[in-house]
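*Asks:* PDB, C-alpha atoms, file entry_5.pdb:
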```
ATOM      1  CA  MET A 152      14.611  35.394  -6.402
ATOM      2  CA  SER A 153      14.533  34.253 -10.023
ATOM      3  CA  ASP A 154      13.595  36.234 -13.120
ATOM      4  CA  VAL A 155       9.962  36.285 -14.146
ATOM      5  CA  HIS A 156       9.049  33.409 -16.429
ATOM      6  CA  SER A 157       6.303  33.502 -18.997
ATOM      7  CA  THR A 158       4.810  30.254 -17.681
ATOM      8  CA  ILE A 159       5.213  27.972 -14.689
ATOM      9  CA  ILE A 160       3.528  24.565 -14.782
ATOM     10  CA  VAL A 161       2.901  22.950 -11.401
ATOM     11  CA  GLY A 162       2.538  19.192 -11.758
ATOM     12  CA  SER A 163       3.306  16.651 -14.423
ATOM     13  CA  GLY A 164       1.402  13.670 -15.797
ATOM     14  CA  PRO A 165      -0.280  13.842 -19.211
ATOM     15  CA  ALA A 166      -1.778  17.284 -18.495
ATOM     16  CA  GLY A 167       1.407  18.887 -17.207
ATOM     17  CA  TYR A 168       3.727  17.450 -19.828
ATOM     18  CA  THR A 169       1.354  18.282 -22.696
ATOM     19  CA  ALA A 170       1.075  21.849 -21.408
ATOM     20  CA  ALA A 171       4.874  21.935 -21.205
ATOM     21  CA  LEU A 172       5.212  20.661 -24.784
ATOM     22  CA  TYR A 173       2.813  23.234 -26.212
ATOM     23  CA  THR A 174       4.189  26.192 -24.266
ATOM     24  CA  ALA A 175       7.757  25.161 -25.097
ATOM     25  CA  ARG A 176       6.962  24.953 -28.817
ATOM     26  CA  ALA A 177       5.416  28.432 -28.516
ATOM     27  CA  ASN A 178       8.820  29.625 -27.249
ATOM     28  CA  LEU A 179       7.448  30.478 -23.807
ATOM     29  CA  LYS A 180      10.314  28.607 -22.087
ATOM     30  CA  PRO A 181       8.107  26.974 -19.434
ATOM     31  CA  LEU A 182       9.401  26.037 -16.010
ATOM     32  CA  VAL A 183       7.820  22.754 -14.870
ATOM     33  CA  ILE A 184       7.727  21.996 -11.146
ATOM     34  CA  GLU A 185       7.023  18.331 -11.759
ATOM     35  CA  GLY A 186       7.189  16.927  -8.215
ATOM     36  CA  PHE A 187       9.130  13.966  -6.900
ATOM     37  CA  ALA A 188       6.452  11.528  -8.129
ATOM     38  CA  TRP A 189       6.654  12.912 -11.656
ATOM     39  CA  GLY A 190       4.451  11.326 -14.266
ATOM     40  CA  GLY A 191       1.329  11.161 -12.132
ATOM     41  CA  LEU A 192      -0.924   8.130 -11.793
ATOM     42  CA  LEU A 193       0.325   6.506 -15.001
ATOM     43  CA  GLN A 194       3.575   5.781 -13.182
ATOM     44  CA  GLN A 195       1.519   3.333 -11.107
ATOM     45  CA  THR A 196       0.028   1.455 -14.071
ATOM     46  CA  THR A 197       1.309  -1.347 -16.262
ATOM     47  CA  ASP A 198      -0.058  -1.793 -19.800
ATOM     48  CA  VAL A 199      -1.842   1.181 -21.368
ATOM     49  CA  GLU A 200      -3.810  -0.006 -24.401
ATOM     50  CA  ASN A 201      -6.197   2.920 -24.927
ATOM     51  CA  TYR A 202      -3.781   5.784 -25.611
ATOM     52  CA  PRO A 203      -3.801   6.642 -29.330
ATOM     53  CA  GLY A 204      -0.656   6.000 -31.327
ATOM     54  CA  PHE A 205       0.429   2.791 -29.587
ATOM     55  CA  PRO A 206      -1.426  -0.088 -31.289
ATOM     56  CA  GLU A 207       0.505  -2.695 -29.295
ATOM     57  CA  GLY A 208       0.025  -0.807 -26.027
ATOM     58  CA  ILE A 209       2.686   0.840 -23.896
ATOM     59  CA  MET A 210       3.688   0.682 -20.258
ATOM     60  CA  GLY A 211       2.434   3.644 -18.239
ATOM     61  CA  PRO A 212       5.894   4.705 -16.974
ATOM     62  CA  GLU A 213       7.312   4.448 -20.500
ATOM     63  CA  LEU A 214       4.563   6.706 -21.852
ATOM     64  CA  MET A 215       5.353   9.286 -19.192
ATOM     65  CA  VAL A 216       9.061   9.169 -20.010
ATOM     66  CA  LYS A 217       8.285   9.797 -23.676
ATOM     67  CA  MET A 218       6.016  12.752 -22.852
ATOM     68  CA  ARG A 219       8.631  14.160 -20.494
ATOM     69  CA  GLU A 220      11.429  13.853 -23.020
ATOM     70  CA  GLN A 221       9.310  15.440 -25.753
ATOM     71  CA  ALA A 222       8.656  18.495 -23.571
ATOM     72  CA  GLN A 223      12.372  18.757 -22.780
ATOM     73  CA  ARG A 224      13.284  18.478 -26.456
ATOM     74  CA  PHE A 225      11.494  21.748 -27.166
ATOM     75  CA  GLY A 226      13.004  23.617 -24.245
ATOM     76  CA  ALA A 227      10.916  22.982 -21.137
ATOM     77  CA  THR A 228      12.957  23.233 -17.925
ATOM     78  CA  LEU A 229      12.039  20.585 -15.358
ATOM     79  CA  VAL A 230      12.470  20.856 -11.599
ATOM     80  CA  THR A 231      12.067  17.462  -9.921
ATOM     81  CA  ASP A 232      10.918  18.819  -6.586
ATOM     82  CA  GLN A 233       7.718  19.741  -4.785
ATOM     83  CA  ALA A 234       5.994  23.098  -4.983
ATOM     84  CA  GLU A 235       5.432  24.026  -1.345
ATOM     85  CA  ARG A 236       3.592  27.315  -1.606
ATOM     86  CA  ILE A 237       1.823  29.303  -4.310
ATOM     87  CA  GLU A 238       0.744  32.948  -4.272
ATOM     88  CA  LEU A 239      -1.570  33.895  -7.119
ATOM     89  CA  ALA A 240      -1.894  37.485  -8.265
ATOM     90  CA  SER A 241      -5.415  38.855  -8.347
ATOM     91  CA  GLU A 242      -5.049  41.512 -11.048
ATOM     92  CA  PRO A 243      -4.619  40.988 -14.823
ATOM     93  CA  GLY A 244      -0.963  41.274 -15.770
ATOM     94  CA  GLY A 245       0.193  40.501 -12.240
ATOM     95  CA  VAL A 246       3.042  38.167 -11.346
ATOM     96  CA  HIS A 247       2.435  34.861  -9.561
ATOM     97  CA  SER A 248       4.904  33.159  -7.209
ATOM     98  CA  VAL A 249       5.662  29.480  -6.663
ATOM     99  CA  TRP A 250       8.068  28.382  -3.928
ATOM    100  CA  VAL A 251      10.235  25.276  -4.058
ATOM    101  CA  GLY A 252      11.860  25.145  -0.660
ATOM    102  CA  ASP A 253      13.250  28.638  -0.042
ATOM    103  CA  THR A 254      13.449  29.424  -3.760
ATOM    104  CA  GLU A 255      10.761  31.670  -5.212
ATOM    105  CA  HIS A 256       9.911  31.277  -8.890
ATOM    106  CA  ARG A 257       7.779  33.986 -10.496
ATOM    107  CA  ALA A 258       5.713  33.897 -13.670
ATOM    108  CA  ARG A 259       3.100  35.823 -15.598
ATOM    109  CA  THR A 260       1.014  32.690 -16.035
ATOM    110  CA  VAL A 261       0.630  29.513 -13.996
ATOM    111  CA  ILE A 262      -0.822  26.232 -15.219
ATOM    112  CA  LEU A 263      -2.051  24.025 -12.384
ATOM    113  CA  ALA A 264      -1.754  20.301 -13.175
ATOM    114  CA  MET A 265      -1.367  18.677  -9.761
ATOM    115  CA  GLY A 266      -3.889  15.949 -10.560
ATOM    116  CA  ALA A 267      -5.973  13.844  -8.199
ATOM    117  CA  GLU A 268      -5.097  10.792  -6.157
ATOM    118  CA  HIS A 269      -7.228   7.672  -5.919
ATOM    119  CA  LYS A 270      -8.719   7.208  -2.481
ATOM    120  CA  LYS A 271      -7.401   3.938  -1.117
ATOM    121  CA  LEU A 272      -8.756   1.382   1.293
ATOM    122  CA  GLY A 273      -5.539   1.240   3.293
ATOM    123  CA  VAL A 274      -5.737  -2.516   3.840
ATOM    124  CA  PRO A 275      -2.899  -5.083   3.775
ATOM    125  CA  GLY A 276      -1.973  -6.192   0.269
ATOM    126  CA  GLU A 277      -3.496  -3.194  -1.508
ATOM    127  CA  GLU A 278      -0.242  -1.369  -2.227
ATOM    128  CA  GLU A 279       1.740  -4.532  -2.882
ATOM    129  CA  LEU A 280      -0.773  -5.847  -5.424
ATOM    130  CA  SER A 281      -1.486  -2.548  -7.175
ATOM    131  CA  GLY A 282      -0.970  -3.257 -10.868
ATOM    132  CA  ARG A 283      -1.062  -7.002 -10.165
ATOM    133  CA  GLY A 284      -4.791  -7.376  -9.770
ATOM    134  CA  VAL A 285      -5.683  -4.321  -7.714
ATOM    135  CA  SER A 286      -6.756  -1.428  -9.935
ATOM    136  CA  TYR A 287      -8.463   1.942  -9.590
ATOM    137  CA  CYS A 288      -9.853   2.249 -13.113
ATOM    138  CA  ALA A 289     -12.081  -0.345 -14.770
ATOM    139  CA  THR A 290     -12.251   1.745 -17.944
ATOM    140  CA  CYS A 291      -8.474   1.443 -18.154
ATOM    141  CA  ASP A 292      -7.943  -2.157 -17.090
ATOM    142  CA  ALA A 293     -11.150  -4.184 -17.559
ATOM    143  CA  ALA A 294      -9.939  -5.769 -20.793
ATOM    144  CA  PHE A 295      -7.165  -7.535 -18.856
ATOM    145  CA  PHE A 296      -9.780  -9.497 -16.886
ATOM    146  CA  LYS A 297     -11.713 -11.295 -19.614
ATOM    147  CA  GLY A 298     -13.531 -14.282 -18.161
ATOM    148  CA  ALA A 299     -12.207 -13.591 -14.655
ATOM    149  CA  ARG A 300     -13.929 -13.250 -11.296
ATOM    150  CA  THR A 301     -13.648  -9.712  -9.959
ATOM    151  CA  ILE A 302     -14.939  -7.311  -7.336
ATOM    152  CA  ILE A 303     -15.701  -3.591  -7.275
ATOM    153  CA  VAL A 304     -15.353  -1.830  -3.916
ATOM    154  CA  GLY A 305     -17.647   1.182  -3.502
ATOM    155  CA  GLY A 306     -21.258   2.256  -3.323
ATOM    156  CA  GLY A 307     -21.646   5.381  -5.440
ATOM    157  CA  ASP A 308     -22.427   6.103  -9.070
ATOM    158  CA  SER A 309     -18.789   5.647 -10.075
ATOM    159  CA  ALA A 310     -18.739   2.149  -8.580
ATOM    160  CA  MET A 311     -21.918   1.208 -10.468
ATOM    161  CA  GLU A 312     -20.584   2.609 -13.730
ATOM    162  CA  GLU A 313     -17.279   0.765 -13.272
ATOM    163  CA  ALA A 314     -19.143  -2.454 -12.472
ATOM    164  CA  VAL A 315     -21.344  -2.252 -15.576
ATOM    165  CA  PHE A 316     -18.307  -1.629 -17.768
ATOM    166  CA  LEU A 317     -16.332  -4.434 -16.134
ATOM    167  CA  SER A 318     -19.261  -6.847 -16.550
ATOM    168  CA  LYS A 319     -18.693  -6.776 -20.315
ATOM    169  CA  PHE A 320     -15.362  -8.542 -19.771
ATOM    170  CA  ALA A 321     -15.341 -10.378 -16.426
ATOM    171  CA  SER A 322     -17.282 -13.583 -15.828
ATOM    172  CA  LYS A 323     -18.495 -12.223 -12.494
ATOM    173  CA  VAL A 324     -18.445  -8.859 -10.733
ATOM    174  CA  ALA A 325     -19.302  -8.562  -7.046
ATOM    175  CA  ILE A 326     -19.951  -5.031  -5.794
ATOM    176  CA  VAL A 327     -18.660  -4.883  -2.221
ATOM    177  CA  HIS A 328     -20.128  -2.103  -0.080
ATOM    178  CA  ARG A 329     -19.888  -1.514   3.637
ATOM    179  CA  ARG A 330     -23.573  -0.613   4.032
ATOM    180  CA  SER A 331     -26.782  -2.357   3.003
ATOM    181  CA  GLU A 332     -27.926   0.807   1.230
ATOM    182  CA  PHE A 333     -26.025   2.357  -1.673
ATOM    183  CA  ARG A 334     -25.193   6.015  -2.253
ATOM    184  CA  ALA A 335     -25.611   5.517  -5.998
ATOM    185  CA  SER A 336     -28.548   7.046  -7.827
ATOM    186  CA  LYS A 337     -31.532   4.794  -8.474
ATOM    187  CA  ILE A 338     -30.925   4.626 -12.212
ATOM    188  CA  MET A 339     -27.269   3.631 -11.834
ATOM    189  CA  LEU A 340     -28.121   0.992  -9.248
ATOM    190  CA  GLU A 341     -30.805  -0.451 -11.516
ATOM    191  CA  ARG A 342     -28.343  -0.643 -14.407
ATOM    192  CA  ALA A 343     -25.962  -2.658 -12.255
ATOM    193  CA  ARG A 344     -28.712  -4.958 -10.994
ATOM    194  CA  ALA A 345     -29.857  -5.590 -14.556
ATOM    195  CA  GLN A 346     -26.553  -7.294 -15.435
ATOM    196  CA  GLU A 347     -26.749 -11.049 -14.869
ATOM    197  CA  ASN A 348     -23.095 -11.357 -13.880
ATOM    198  CA  ILE A 349     -23.165  -8.552 -11.278
ATOM    199  CA  GLU A 350     -23.770  -9.468  -7.630
ATOM    200  CA  LEU A 351     -24.319  -7.025  -4.739
ATOM    201  CA  LEU A 352     -22.307  -8.097  -1.699
ATOM    202  CA  THR A 353     -23.353  -6.093   1.372
ATOM    203  CA  PRO A 354     -22.670  -5.076   4.079
ATOM    204  CA  TYR A 355     -19.021  -6.081   3.746
ATOM    205  CA  THR A 356     -15.657  -4.373   3.832
ATOM    206  CA  VAL A 357     -12.318  -5.627   2.538
ATOM    207  CA  GLU A 358     -10.054  -6.806   5.331
ATOM    208  CA  ARG A 359      -7.062  -7.661   3.144
ATOM    209  CA  PHE A 360      -5.890  -8.799  -0.293
ATOM    210  CA  ASP A 361      -3.672 -11.853  -0.743
ATOM    211  CA  ALA A 362      -1.522 -12.992  -3.643
ATOM    212  CA  GLY A 363      -1.409 -16.460  -5.155
ATOM    213  CA  GLU A 364       1.631 -18.479  -6.175
ATOM    214  CA  SER A 365       2.117 -16.299  -9.266
ATOM    215  CA  GLY A 366       2.440 -13.180  -7.121
ATOM    216  CA  ALA A 367      -0.788 -11.708  -8.510
ATOM    217  CA  LEU A 368      -4.013 -11.114  -6.602
ATOM    218  CA  SER A 369      -5.969 -14.293  -5.882
ATOM    219  CA  VAL A 370      -8.053 -13.688  -2.747
ATOM    220  CA  ALA A 371     -10.022 -10.878  -1.115
ATOM    221  CA  LYS A 372     -10.826 -11.427   2.546
ATOM    222  CA  LEU A 373     -14.028  -9.657   3.574
ATOM    223  CA  VAL A 374     -15.774  -9.031   6.868
ATOM    224  CA  ASN A 375     -19.480  -8.381   7.455
ATOM    225  CA  THR A 376     -19.852  -4.977   9.132
ATOM    226  CA  GLN A 377     -22.923  -6.075  11.118
ATOM    227  CA  THR A 378     -22.213  -9.652  12.158
ATOM    228  CA  GLY A 379     -18.427  -9.847  11.923
ATOM    229  CA  GLU A 380     -18.732 -12.888   9.643
ATOM    230  CA  LYS A 381     -15.616 -13.529   7.544
ATOM    231  CA  LEU A 382     -15.822 -14.278   3.844
ATOM    232  CA  GLN A 383     -13.018 -15.308   1.482
ATOM    233  CA  VAL A 384     -13.554 -14.584  -2.205
ATOM    234  CA  GLU A 385     -11.294 -15.971  -4.921
ATOM    235  CA  ILE A 386     -10.761 -13.283  -7.547
ATOM    236  CA  ALA A 387      -8.298 -12.165 -10.203
ATOM    237  CA  GLY A 388      -9.144  -8.465 -10.061
ATOM    238  CA  ALA A 389     -10.250  -5.891  -7.476
ATOM    239  CA  PHE A 390     -11.282  -2.404  -8.558
ATOM    240  CA  ILE A 391     -11.361   0.297  -5.881
ATOM    241  CA  ALA A 392     -14.016   2.920  -6.664
ATOM    242  CA  ILE A 393     -14.377   5.000  -3.511
ATOM    243  CA  GLY A 394     -13.494   8.371  -4.998
ATOM    244  CA  HIS A 395     -10.616  10.723  -5.730
ATOM    245  CA  GLU A 396      -8.834  13.481  -3.848
ATOM    246  CA  PRO A 397      -7.886  16.442  -6.065
ATOM    247  CA  GLN A 398      -4.482  17.803  -5.072
ATOM    248  CA  SER A 399      -5.686  21.386  -4.771
ATOM    249  CA  ALA A 400      -4.506  22.288  -1.264
ATOM    250  CA  LEU A 401      -1.754  24.568  -2.609
ATOM    251  CA  VAL A 402      -4.308  26.956  -4.111
ATOM    252  CA  ALA A 403      -7.172  26.598  -1.638
ATOM    253  CA  GLY A 404      -8.434  30.032  -0.671
ATOM    254  CA  GLN A 405      -7.074  31.542  -3.892
ATOM    255  CA  ALA A 406      -8.342  29.612  -6.898
ATOM    256  CA  GLU A 407     -12.041  28.831  -6.619
ATOM    257  CA  LEU A 408     -12.755  25.195  -5.727
ATOM    258  CA  ASP A 409     -15.996  23.238  -5.916
ATOM    259  CA  GLU A 410     -17.525  21.327  -3.010
ATOM    260  CA  ASP A 411     -15.308  18.311  -3.733
ATOM    261  CA  GLY A 412     -12.084  20.297  -3.907
ATOM    262  CA  TYR A 413     -11.686  20.358  -7.695
ATOM    263  CA  VAL A 414     -10.524  23.641  -9.239
ATOM    264  CA  ARG A 415     -13.350  25.438 -11.030
ATOM    265  CA  VAL A 416     -12.739  26.622 -14.578
ATOM    266  CA  ASP A 417     -14.709  28.934 -16.852
ATOM    267  CA  GLY A 418     -16.939  26.886 -19.147
ATOM    268  CA  ARG A 419     -15.010  24.771 -21.631
ATOM    269  CA  SER A 420     -11.823  26.772 -21.096
ATOM    270  CA  THR A 421      -9.117  26.140 -18.492
ATOM    271  CA  ARG A 422      -9.328  29.658 -17.037
ATOM    272  CA  THR A 423      -9.700  29.866 -13.254
ATOM    273  CA  ASN A 424     -11.070  32.822 -11.303
ATOM    274  CA  ARG A 425      -7.516  34.236 -11.069
ATOM    275  CA  PRO A 426      -6.244  36.056 -14.184
ATOM    276  CA  GLY A 427      -3.326  34.276 -15.771
ATOM    277  CA  VAL A 428      -3.978  31.046 -13.867
ATOM    278  CA  PHE A 429      -5.187  27.956 -15.708
ATOM    279  CA  ALA A 430      -6.006  24.430 -14.526
ATOM    280  CA  ALA A 431      -5.960  21.127 -16.393
ATOM    281  CA  GLY A 432      -6.213  17.380 -16.047
ATOM    282  CA  ASP A 433      -7.625  15.442 -13.123
ATOM    283  CA  LEU A 434      -7.403  18.553 -10.948
ATOM    284  CA  VAL A 435     -10.559  19.778 -12.699
ATOM    285  CA  ASP A 436     -12.076  16.564 -14.104
ATOM    286  CA  HIS A 437     -14.831  14.824 -12.110
ATOM    287  CA  THR A 438     -15.995  12.680 -14.966
ATOM    288  CA  TYR A 439     -13.544  11.230 -17.462
ATOM    289  CA  ARG A 440     -10.157  11.012 -15.700
ATOM    290  CA  GLN A 441      -8.358   9.433 -18.671
ATOM    291  CA  ALA A 442      -4.820  10.059 -19.867
ATOM    292  CA  ILE A 443      -6.079  11.242 -23.241
ATOM    293  CA  THR A 444      -8.568  13.732 -21.762
ATOM    294  CA  ALA A 445      -5.918  15.028 -19.352
ATOM    295  CA  ALA A 446      -3.494  15.531 -22.232
ATOM    296  CA  GLY A 447      -6.186  17.359 -24.197
ATOM    297  CA  SER A 448      -6.876  19.752 -21.346
ATOM    298  CA  GLY A 449      -3.124  20.320 -20.959
ATOM    299  CA  CYS A 450      -3.098  21.459 -24.572
ATOM    300  CA  GLN A 451      -6.037  23.773 -23.877
ATOM    301  CA  ALA A 452      -4.302  25.265 -20.841
ATOM    302  CA  ALA A 453      -1.172  25.964 -22.851
ATOM    303  CA  LEU A 454      -3.152  27.721 -25.573
ATOM    304  CA  ASP A 455      -5.161  29.691 -23.002
ATOM    305  CA  ALA A 456      -1.922  30.786 -21.342
ATOM    306  CA  GLU A 457      -0.377  31.755 -24.680
ATOM    307  CA  TRP A 458      -3.410  33.846 -25.636
ATOM    308  CA  TYR A 459      -3.446  35.511 -22.212
ATOM    309  CA  LEU A 460       0.213  36.516 -22.598
ATOM    310  CA  ARG A 461      -0.501  37.843 -26.080
ATOM    311  CA  ASP A 462      -3.465  39.946 -25.009
ATOM    312  CA  THR A 463      -2.619  41.100 -21.472
ATOM    313  CA  PRO A 464      -0.110  43.920 -20.844
ATOM    314  CA  GLU A 465       2.283  43.192 -18.029
ATOM    315  CA  VAL A 466       2.055  45.214 -14.839
ATOM    316  CA  PRO A 467       5.249  47.288 -14.407
ATOM    317  CA  THR A 468       7.541  46.676 -11.448
ATOM    318  CA  PRO A 469       7.717  49.295  -8.680
ATOM    319  CA  GLU A 470      10.722  50.780 -10.490
ATOM    320  CA  GLY A 471       8.461  51.487 -13.442
ATOM    321  CA  MET A 472       9.805  48.844 -15.798
ATOM    322  CA  PRO A 473       8.348  45.443 -16.641
ATOM    323  CA  VAL A 474      10.159  42.141 -16.115
ATOM    324  CA  GLY A 475      10.077  38.789 -17.892
ATOM    325  CA  ASP A 476      10.672  37.169 -21.249
ATOM    326  CA  LEU A 477       7.948  39.099 -23.081
ATOM    327  CA  ALA A 478       8.354  42.429 -21.305
ATOM    328  CA  GLU A 479       9.955  44.372 -24.136
ATOM    329  CA  SER A 480       7.286  43.539 -26.684
ATOM    330  CA  GLN A 481       4.209  43.450 -24.469
ATOM    331  CA  TRP A 482       4.531  46.124 -21.831
ATOM    332  CA  VAL A 483       2.357  49.192 -22.334
ATOM    333  CA  PRO A 484       3.080  52.265 -20.155
ATOM    334  CA  SER A 485       0.335  53.383 -17.808
ATOM    335  CA  GLY A 486      -2.407  55.124 -19.760
ATOM    336  CA  GLY A 487      -1.211  53.731 -23.098
ATOM    337  CA  ALA A 488      -3.105  51.577 -25.530
ATOM    338  CA  ALA A 489      -2.403  47.941 -26.261
TER     339      ALA A 489
END
```
Go through the file and emit its structure as structure tokens.
*Replies:*
Amino acid sequence: MSDVHSTIIVGSGPAGYTAALYTARANLKPLVIEGFAWGGLLQQTTDVENYPGFPEGIMGPELMVKMREQAQRFGATLVTDQAERIELASEPGGVHSVWVGDTEHRARTVILAMGAEHKKLGVPGEEELSGRGVSYCATCDAAFFKGARTIIVGGGDSAMEEAVFLSKFASKVAIVHRRSEFRASKIMLERARAQENIELLTPYTVERFDAGESGALSVAKLVNTQTGEKLQVEIAGAFIAIGHEPQSALVAGQAELDEDGYVRVDGRSTRTNRPGVFAAGDLVDHTYRQAITAAGSGCQAALDAEWYLRDTPEVPTPEGMPVGDLAESQWVPSGGAA
């Protein structure tokens, strides 16, 4: 069993690495359980043109390397492995535990930054052409498809919003949905229908994606869910908008989750229902899901954790003495005043 850390960060990506940077600069010596797929969803992207500070754009993996190295520069310790189990204390000042294999790591605060994964179609060509025509974020990638023929796959509000945004750049956007009726709200559906270059293509599903001679996406093969009719659509871009899966299973039953599995936080803070536990990034974000907003919430989580450590006396160990980096300065004997 390790010593008690001030802060453990579970996850990486813009939220996790920003939280690591801020807590490291506050001399909290954070331990970051970053996972094998460190860097999050930006590791799966190519050009990032909407992150401030890079006027010429930057590759997603390169941006993650820079964030990672910056956190390390100020003293963050990184563990490139998976957190397999988490036990969250329920009382203020309690100690939380995170297991990596058989190794237990303990901390006074935990920042959850496990992110969310794009739901995928699971069809041939999707994985192979990801980043080469297949995308999961029109807000991120629409500008790369100026004047191109594209499709959006999905039937909810997110799909409509993505389609309207994409229509500003693409010459044509076909919304492919497996049913004749859409799940989207009436107002969002009307906004999509109002765009001259948006077409509703129902009831179809994607059977596969194929590459052209350049190796990039060139064809989507569709099938009608009612008649079985096959349809081949020549496109340069396909945007999958069928939802996200927050990676919250590790804390289910401990941290409060909403009906979609996202971790609930208190108002505009990153505080969860467990004292000393904070959540940031796509793990809590239904709406924006951008690198810059994830990084911002990582900063918030770090500050929330720092303030919690400043203001919350540590619970003594069974032997009557506190443990951890801040024990000497922050522990108050039972019955004492802070």
*Asks:* When you look at Gln346 (chain A) with a cut-off of 10 Å (counting only C-alpha atoms), what residues show up, excluding the ones that are within fewer than 4 positions of it in the same chain? I need them as a list in words.
*Replies:*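 My list of contacting residues is Ala314, Val315, Ser318, Lys319, Lys323, Val324, Glu341, Arg342 and Glu350 of chain A.
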*Asks:* Running the PyMOL selection byres ((chain A and resi 205-213) around 10) on this model by hand, what would come out? Give it as an MDAnalysis selection string.
*Replies:* chainID A and resid 189:204 214:219 442
*Asks:* Given the PyMOL selection byres ((chain A and resi 234) around 10) and the file above, list the residues it selects as an NGL selection string.
*Replies:* :A and (161-162 or 184-187 or 230-233 or 235-237 or 249-252 or 254-256 or 265 or 401)
*Asks:* Using C-alpha atoms, can you export the residues from the last selection as a PDB file, keeping the file's coordinate frame?
*Replies:*
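Saved to out27.pdb:
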```
ATOM      1  CA  VAL A 161       2.901  22.950 -11.401  1.00  0.00           C
ATOM      2  CA  GLY A 162       2.538  19.192 -11.758  1.00  0.00           C
ATOM      3  CA  ILE A 184       7.727  21.996 -11.146  1.00  0.00           C
ATOM      4  CA  GLU A 185       7.023  18.331 -11.759  1.00  0.00           C
ATOM      5  CA  GLY A 186       7.189  16.927  -8.215  1.00  0.00           C
ATOM      6  CA  PHE A 187       9.130  13.966  -6.900  1.00  0.00           C
ATOM      7  CA  VAL A 230      12.470  20.856 -11.599  1.00  0.00           C
ATOM      8  CA  THR A 231      12.067  17.462  -9.921  1.00  0.00           C
ATOM      9  CA  ASP A 232      10.918  18.819  -6.586  1.00  0.00           C
ATOM     10  CA  GLN A 233       7.718  19.741  -4.785  1.00  0.00           C
ATOM     11  CA  GLU A 235       5.432  24.026  -1.345  1.00  0.00           C
ATOM     12  CA  ARG A 236       3.592  27.315  -1.606  1.00  0.00           C
ATOM     13  CA  ILE A 237       1.823  29.303  -4.310  1.00  0.00           C
ATOM     14  CA  VAL A 249       5.662  29.480  -6.663  1.00  0.00           C
ATOM     15  CA  TRP A 250       8.068  28.382  -3.928  1.00  0.00           C
ATOM     16  CA  VAL A 251      10.235  25.276  -4.058  1.00  0.00           C
ATOM     17  CA  GLY A 252      11.860  25.145  -0.660  1.00  0.00           C
ATOM     18  CA  THR A 254      13.449  29.424  -3.760  1.00  0.00           C
ATOM     19  CA  GLU A 255      10.761  31.670  -5.212  1.00  0.00           C
ATOM     20  CA  HIS A 256       9.911  31.277  -8.890  1.00  0.00           C
ATOM     21  CA  MET A 265      -1.367  18.677  -9.761  1.00  0.00           C
ATOM     22  CA  LEU A 401      -1.754  24.568  -2.609  1.00  0.00           C
TER      23      LEU A 401
END
```
*Asks:* To one decimal place in Å, what is the distance between CA of Val304 (chain A) and CA of Ala367 (chain A)?
*Replies:*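 About the pair CA of Val304 (chain A) and CA of Ala367 (chain A): they are 18.2 Å apart.
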*Asks:* Pick out the closest residue to Ala177 (chain A) from this set: A:Leu340, A:Ile326, A:Val274, A:Ala227. Count only C-alpha atoms.
*Replies:*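 Ranking A:Leu340, A:Ile326, A:Val274, A:Ala227 by distance to Ala177 (chain A), first place goes to A:Ala227.
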*Asks:* Select, from A:Ile302, A:Val428, A:Ala175, A:Met339, the residue with the minimum atom-to-atom distance to Leu263 (chain A), counting all atoms listed in the file.
*Replies:* A:Val428
*Asks:* For this file, the PyMOL selection byres ((chain A and resi 225) around 9) selects which residues, as a count of residues only?
*Replies:* 14
